[in-house]
Every structure is written in C-alpha cells, then in structure tokens.
Amino acid sequence: MAECPLRGEEVTDHPDRLWAWDKFVYLDEKQRAWLPLTIEIEDRLRVLLRQEDILLGNPMTPSQIGPSLLPILWQLYPDGRYRSSDSSFWRLVYHIKMDGAEDMLLELLPDD
C-alpha cells in the first residue's frame, strides 16, 4: 500500500465487508456508507471509495441495481486483498484518512 499520492494518515482498520446498498452506495459492517468512483486507466479497473455520512434511501436488490463494473459485495481476506462476489480479487492500493474523510483505493487484479 505505497501508491498513495496524498499525504494522509494511513488506516489499518479496513472494512471486513462492503455490500451494495444501492447503485451508488456501499455499506460496511459498521453501517458506514462508502461512495464509489470507478476509474479505468490502461485497461486496469480501479475504484476509489470514500466514506461519507449520508442519508440512506431504501436498499436495492441486485436485480434492481442491474449490471455494473463493480461487484455486489467485497470481502476482506487475510492477505489484505478483497474478494468480490464474482470471485475476482482486488488489491488494496491504499486506505487513508485526511481531514476526517477516509479514502480507499482498490484495483482489480488480473485473473491467474
């Protein structure tokens, strides 16, 4: 986790799970909302997740959310990677806290 271009405090307490609440919100096990921003650079899919305190609407089912580049669920594995609901792995590039806001960058790993 050394690729962070920002100067923030490194966070080591990562969410164990992130569930899709609706099309643009994920919730962790502490009921904190994370807003995703998808970034595709040189055929590499990354997602920047920012933890925000927001008013949540009604949850959506996977069929209501529809097709997406992002999975319905991410689960943290002991090696620091996240495994998604489609069985792909995502590398945790960085997780920082700056000015009270948490940012976490995940990068989709190529299939083995």
# chains A, B, ... in the order shown; residues from 1 in each chain; ligands from 1

call {"tool": "residues_around", "arguments": {"residues": "range 24-41 of chain A", "least_positions_apart": "6", "cutoff": "7 Å", "atoms": "only C-alpha atoms", "output": "list in words"}}
result
Pro15, Asp16, Arg17, Leu18, Val47, Leu48, Leu49, Arg50, Gln51, Glu52, Asp53 and Ile54 of chain A

call {"tool": "closest_residue", "arguments": {"among": "A:Arg44, A:Glu107, A:Glu10, A:Pro59", "to": "Lys23 in chain A", "atoms": "only C-alpha atoms"}}
result
A:Pro59

call {"tool": "residues_around", "arguments": {"residues": "Thr12 in chain A", "least_positions_apart": "4", "cutoff": "12 Å", "atoms": "only C-alpha atoms", "output": "PyMOL selection string"}}
result
chain A and resi 1+16+80+92+94-97+102+104

call {"tool": "residues_around", "arguments": {"residues": "Ser87 in chain A", "least_positions_apart": "5", "cutoff": "12 Å", "atoms": "only C-alpha atoms", "output": "list in words"}}
result
Pro71, Ile72, Leu73, Trp74, Gln75, Tyr77, Arg81, Tyr82, Leu108, Leu109, Pro110, Asp111 and Asp112 of chain A

call {"tool": "write_last_selection", "arguments": {"atoms": "all heavy atoms", "output": "tab-separated table (two decimals), in the first residue's frame"}}
result
chain	number	residue	atom	x	y	z
A	71	PRO	N	-18.73	-5.06	-8.15
A	71	PRO	CA	-19.47	-6.21	-7.59
A	71	PRO	C	-20.52	-5.77	-6.57
A	71	PRO	O	-20.54	-4.64	-6.11
A	71	PRO	CB	-18.36	-7.02	-6.90
A	71	PRO	CG	-17.35	-6.00	-6.51
A	71	PRO	CD	-17.37	-4.96	-7.60
A	72	ILE	N	-21.36	-6.72	-6.22
A	72	ILE	CA	-22.38	-6.51	-5.18
A	72	ILE	C	-21.74	-6.53	-3.80
A	72	ILE	O	-22.20	-5.87	-2.88
A	72	ILE	CB	-23.47	-7.60	-5.29
A	72	ILE	CG1	-24.21	-7.50	-6.63
A	72	ILE	CG2	-24.44	-7.53	-4.13
A	72	ILE	CD1	-24.97	-6.19	-6.82
A	73	LEU	N	-20.65	-7.28	-3.64
A	73	LEU	CA	-20.02	-7.47	-2.34
A	73	LEU	C	-18.50	-7.60	-2.49
A	73	LEU	O	-18.02	-8.22	-3.44
A	73	LEU	CB	-20.56	-8.76	-1.69
A	73	LEU	CG	-19.83	-9.29	-0.45
A	73	LEU	CD1	-20.13	-8.45	0.77
A	73	LEU	CD2	-20.19	-10.75	-0.20
A	74	TRP	N	-17.78	-6.99	-1.55
A	74	TRP	CA	-16.35	-7.23	-1.38
A	74	TRP	C	-16.14	-7.78	0.03
A	74	TRP	O	-16.75	-7.28	0.98
A	74	TRP	CB	-15.53	-5.94	-1.46
A	74	TRP	CG	-15.20	-5.45	-2.83
A	74	TRP	CD1	-14.38	-6.04	-3.72
A	74	TRP	CD2	-15.64	-4.24	-3.44
A	74	TRP	NE1	-14.28	-5.27	-4.86
A	74	TRP	CE2	-15.06	-4.16	-4.71
A	74	TRP	CE3	-16.50	-3.22	-3.03
A	74	TRP	CZ2	-15.27	-3.10	-5.56
A	74	TRP	CZ3	-16.72	-2.16	-3.88
A	74	TRP	CH2	-16.11	-2.11	-5.14
A	75	GLN	N	-15.26	-8.77	0.17
A	75	GLN	CA	-14.92	-9.32	1.49
A	75	GLN	C	-13.41	-9.31	1.64
A	75	GLN	O	-12.68	-9.78	0.76
A	75	GLN	CB	-15.45	-10.75	1.63
A	75	GLN	CG	-15.14	-11.34	2.99
A	75	GLN	CD	-15.84	-12.67	3.20
A	75	GLN	OE1	-16.71	-13.07	2.46
A	75	GLN	NE2	-15.43	-13.36	4.25
A	77	TYR	N	-9.83	-10.42	2.74
A	77	TYR	CA	-9.13	-11.68	3.00
A	77	TYR	C	-7.91	-11.39	3.87
A	77	TYR	O	-7.42	-10.27	3.90
A	77	TYR	CB	-8.73	-12.34	1.68
A	77	TYR	CG	-9.78	-13.29	1.16
A	77	TYR	CD1	-11.12	-12.92	1.08
A	77	TYR	CD2	-9.45	-14.57	0.76
A	77	TYR	CE1	-12.07	-13.80	0.62
A	77	TYR	CE2	-10.41	-15.45	0.28
A	77	TYR	CZ	-11.72	-15.06	0.22
A	77	TYR	OH	-12.67	-15.93	-0.23
A	81	ARG	N	-6.12	-8.52	0.54
A	81	ARG	CA	-6.87	-8.34	-0.70
A	81	ARG	C	-8.36	-8.48	-0.40
A	81	ARG	O	-8.76	-9.06	0.60
A	81	ARG	CB	-6.49	-9.39	-1.74
A	81	ARG	CG	-5.06	-9.33	-2.19
A	81	ARG	CD	-4.76	-10.37	-3.25
A	81	ARG	NE	-5.02	-11.72	-2.75
A	81	ARG	CZ	-5.03	-12.82	-3.51
A	81	ARG	NH1	-4.78	-12.74	-4.80
A	81	ARG	NH2	-5.26	-14.00	-2.98
A	82	TYR	N	-9.15	-7.94	-1.30
A	82	TYR	CA	-10.59	-8.13	-1.22
A	82	TYR	C	-11.02	-9.12	-2.30
A	82	TYR	O	-10.53	-9.07	-3.43
A	82	TYR	CB	-11.34	-6.80	-1.44
A	82	TYR	CG	-11.40	-5.94	-0.20
A	82	TYR	CD1	-10.40	-5.02	0.07
A	82	TYR	CD2	-12.45	-6.06	0.70
A	82	TYR	CE1	-10.45	-4.23	1.22
A	82	TYR	CE2	-12.51	-5.28	1.84
A	82	TYR	CZ	-11.52	-4.37	2.09
A	82	TYR	OH	-11.57	-3.60	3.22
A	108	LEU	N	-8.60	-3.94	-9.43
A	108	LEU	CA	-8.93	-5.29	-9.87
A	108	LEU	C	-7.66	-5.98	-10.33
A	108	LEU	O	-6.91	-5.46	-11.16
A	108	LEU	CB	-9.95	-5.24	-11.00
A	108	LEU	CG	-10.39	-6.58	-11.58
A	108	LEU	CD1	-11.08	-7.45	-10.51
A	108	LEU	CD2	-11.33	-6.35	-12.75
A	109	LEU	N	-7.41	-7.18	-9.79
A	109	LEU	CA	-6.23	-7.95	-10.17
A	109	LEU	C	-6.56	-8.82	-11.39
A	109	LEU	O	-7.69	-9.32	-11.50
A	109	LEU	CB	-5.76	-8.84	-9.02
A	109	LEU	CG	-5.25	-8.07	-7.79
A	109	LEU	CD1	-5.00	-9.02	-6.64
A	109	LEU	CD2	-3.99	-7.29	-8.14
A	110	PRO	N	-5.57	-9.02	-12.27
A	110	PRO	CA	-5.82	-9.90	-13.42
A	110	PRO	C	-6.09	-11.32	-12.95
A	110	PRO	O	-5.61	-11.75	-11.92
A	110	PRO	CB	-4.53	-9.82	-14.24
A	110	PRO	CG	-3.55	-9.05	-13.44
A	110	PRO	CD	-4.24	-8.48	-12.24
A	111	ASP	N	-6.88	-12.05	-13.75
A	111	ASP	CA	-7.13	-13.46	-13.44
A	111	ASP	C	-5.84	-14.24	-13.54
A	111	ASP	O	-5.00	-13.97	-14.40
A	111	ASP	CB	-8.15	-14.04	-14.42
A	111	ASP	CG	-9.52	-13.43	-14.26
A	111	ASP	OD1	-9.84	-12.97	-13.14
A	111	ASP	OD2	-10.29	-13.39	-15.25
A	112	ASP	N	-5.69	-15.20	-12.64
A	112	ASP	CA	-4.48	-16.05	-12.68
A	112	ASP	C	-4.53	-17.06	-13.79
A	112	ASP	O	-5.46	-17.50	-14.24
A	112	ASP	CB	-4.28	-16.76	-11.34
A	112	ASP	CG	-3.91	-15.76	-10.23
A	112	ASP	OD1	-3.39	-14.69	-10.56
A	112	ASP	OD2	-4.16	-16.11	-9.07

call {"tool": "atom_distance", "arguments": {"atom1": "CA of Arg91 in chain A", "atom2": "CA of Trp21 in chain A"}}
result
21.9 Å

call {"tool": "select_by_dssp", "arguments": {"residues": "chain A", "states": "helix (DSSP H, G or I)", "output": "PDB file with N, CA and C atoms, in the first residue's frame"}}
result
ATOM      1  N   PRO A  62     -29.944  -6.935  -5.873  1.00  0.00           N
ATOM      2  CA  PRO A  62     -29.019  -6.999  -7.002  1.00  0.00           C
ATOM      3  C   PRO A  62     -29.704  -6.833  -8.359  1.00  0.00           C
ATOM      4  N   SER A  63     -30.906  -7.369  -8.512  1.00  0.00           N
ATOM      5  CA  SER A  63     -31.607  -7.208  -9.796  1.00  0.00           C
ATOM      6  C   SER A  63     -32.036  -5.760 -10.027  1.00  0.00           C
ATOM      7  N   GLN A  64     -32.339  -5.029  -8.960  1.00  0.00           N
ATOM      8  CA  GLN A  64     -32.668  -3.608  -9.105  1.00  0.00           C
ATOM      9  C   GLN A  64     -31.431  -2.782  -9.443  1.00  0.00           C
ATOM     10  N   ILE A  65     -30.283  -3.178  -8.900  1.00  0.00           N
ATOM     11  CA  ILE A  65     -29.042  -2.455  -9.176  1.00  0.00           C
ATOM     12  C   ILE A  65     -28.640  -2.643 -10.632  1.00  0.00           C
TER      13      ILE A  65
END

call {"tool": "select_by_dssp", "arguments": {"residues": "chain A", "states": "strand (DSSP E or B)", "output": "MDAnalysis selection string"}}
result
chainID A and resid 9:10 17:22 25:28 33:41 44:52 73:76 81:84 89:98 101:108
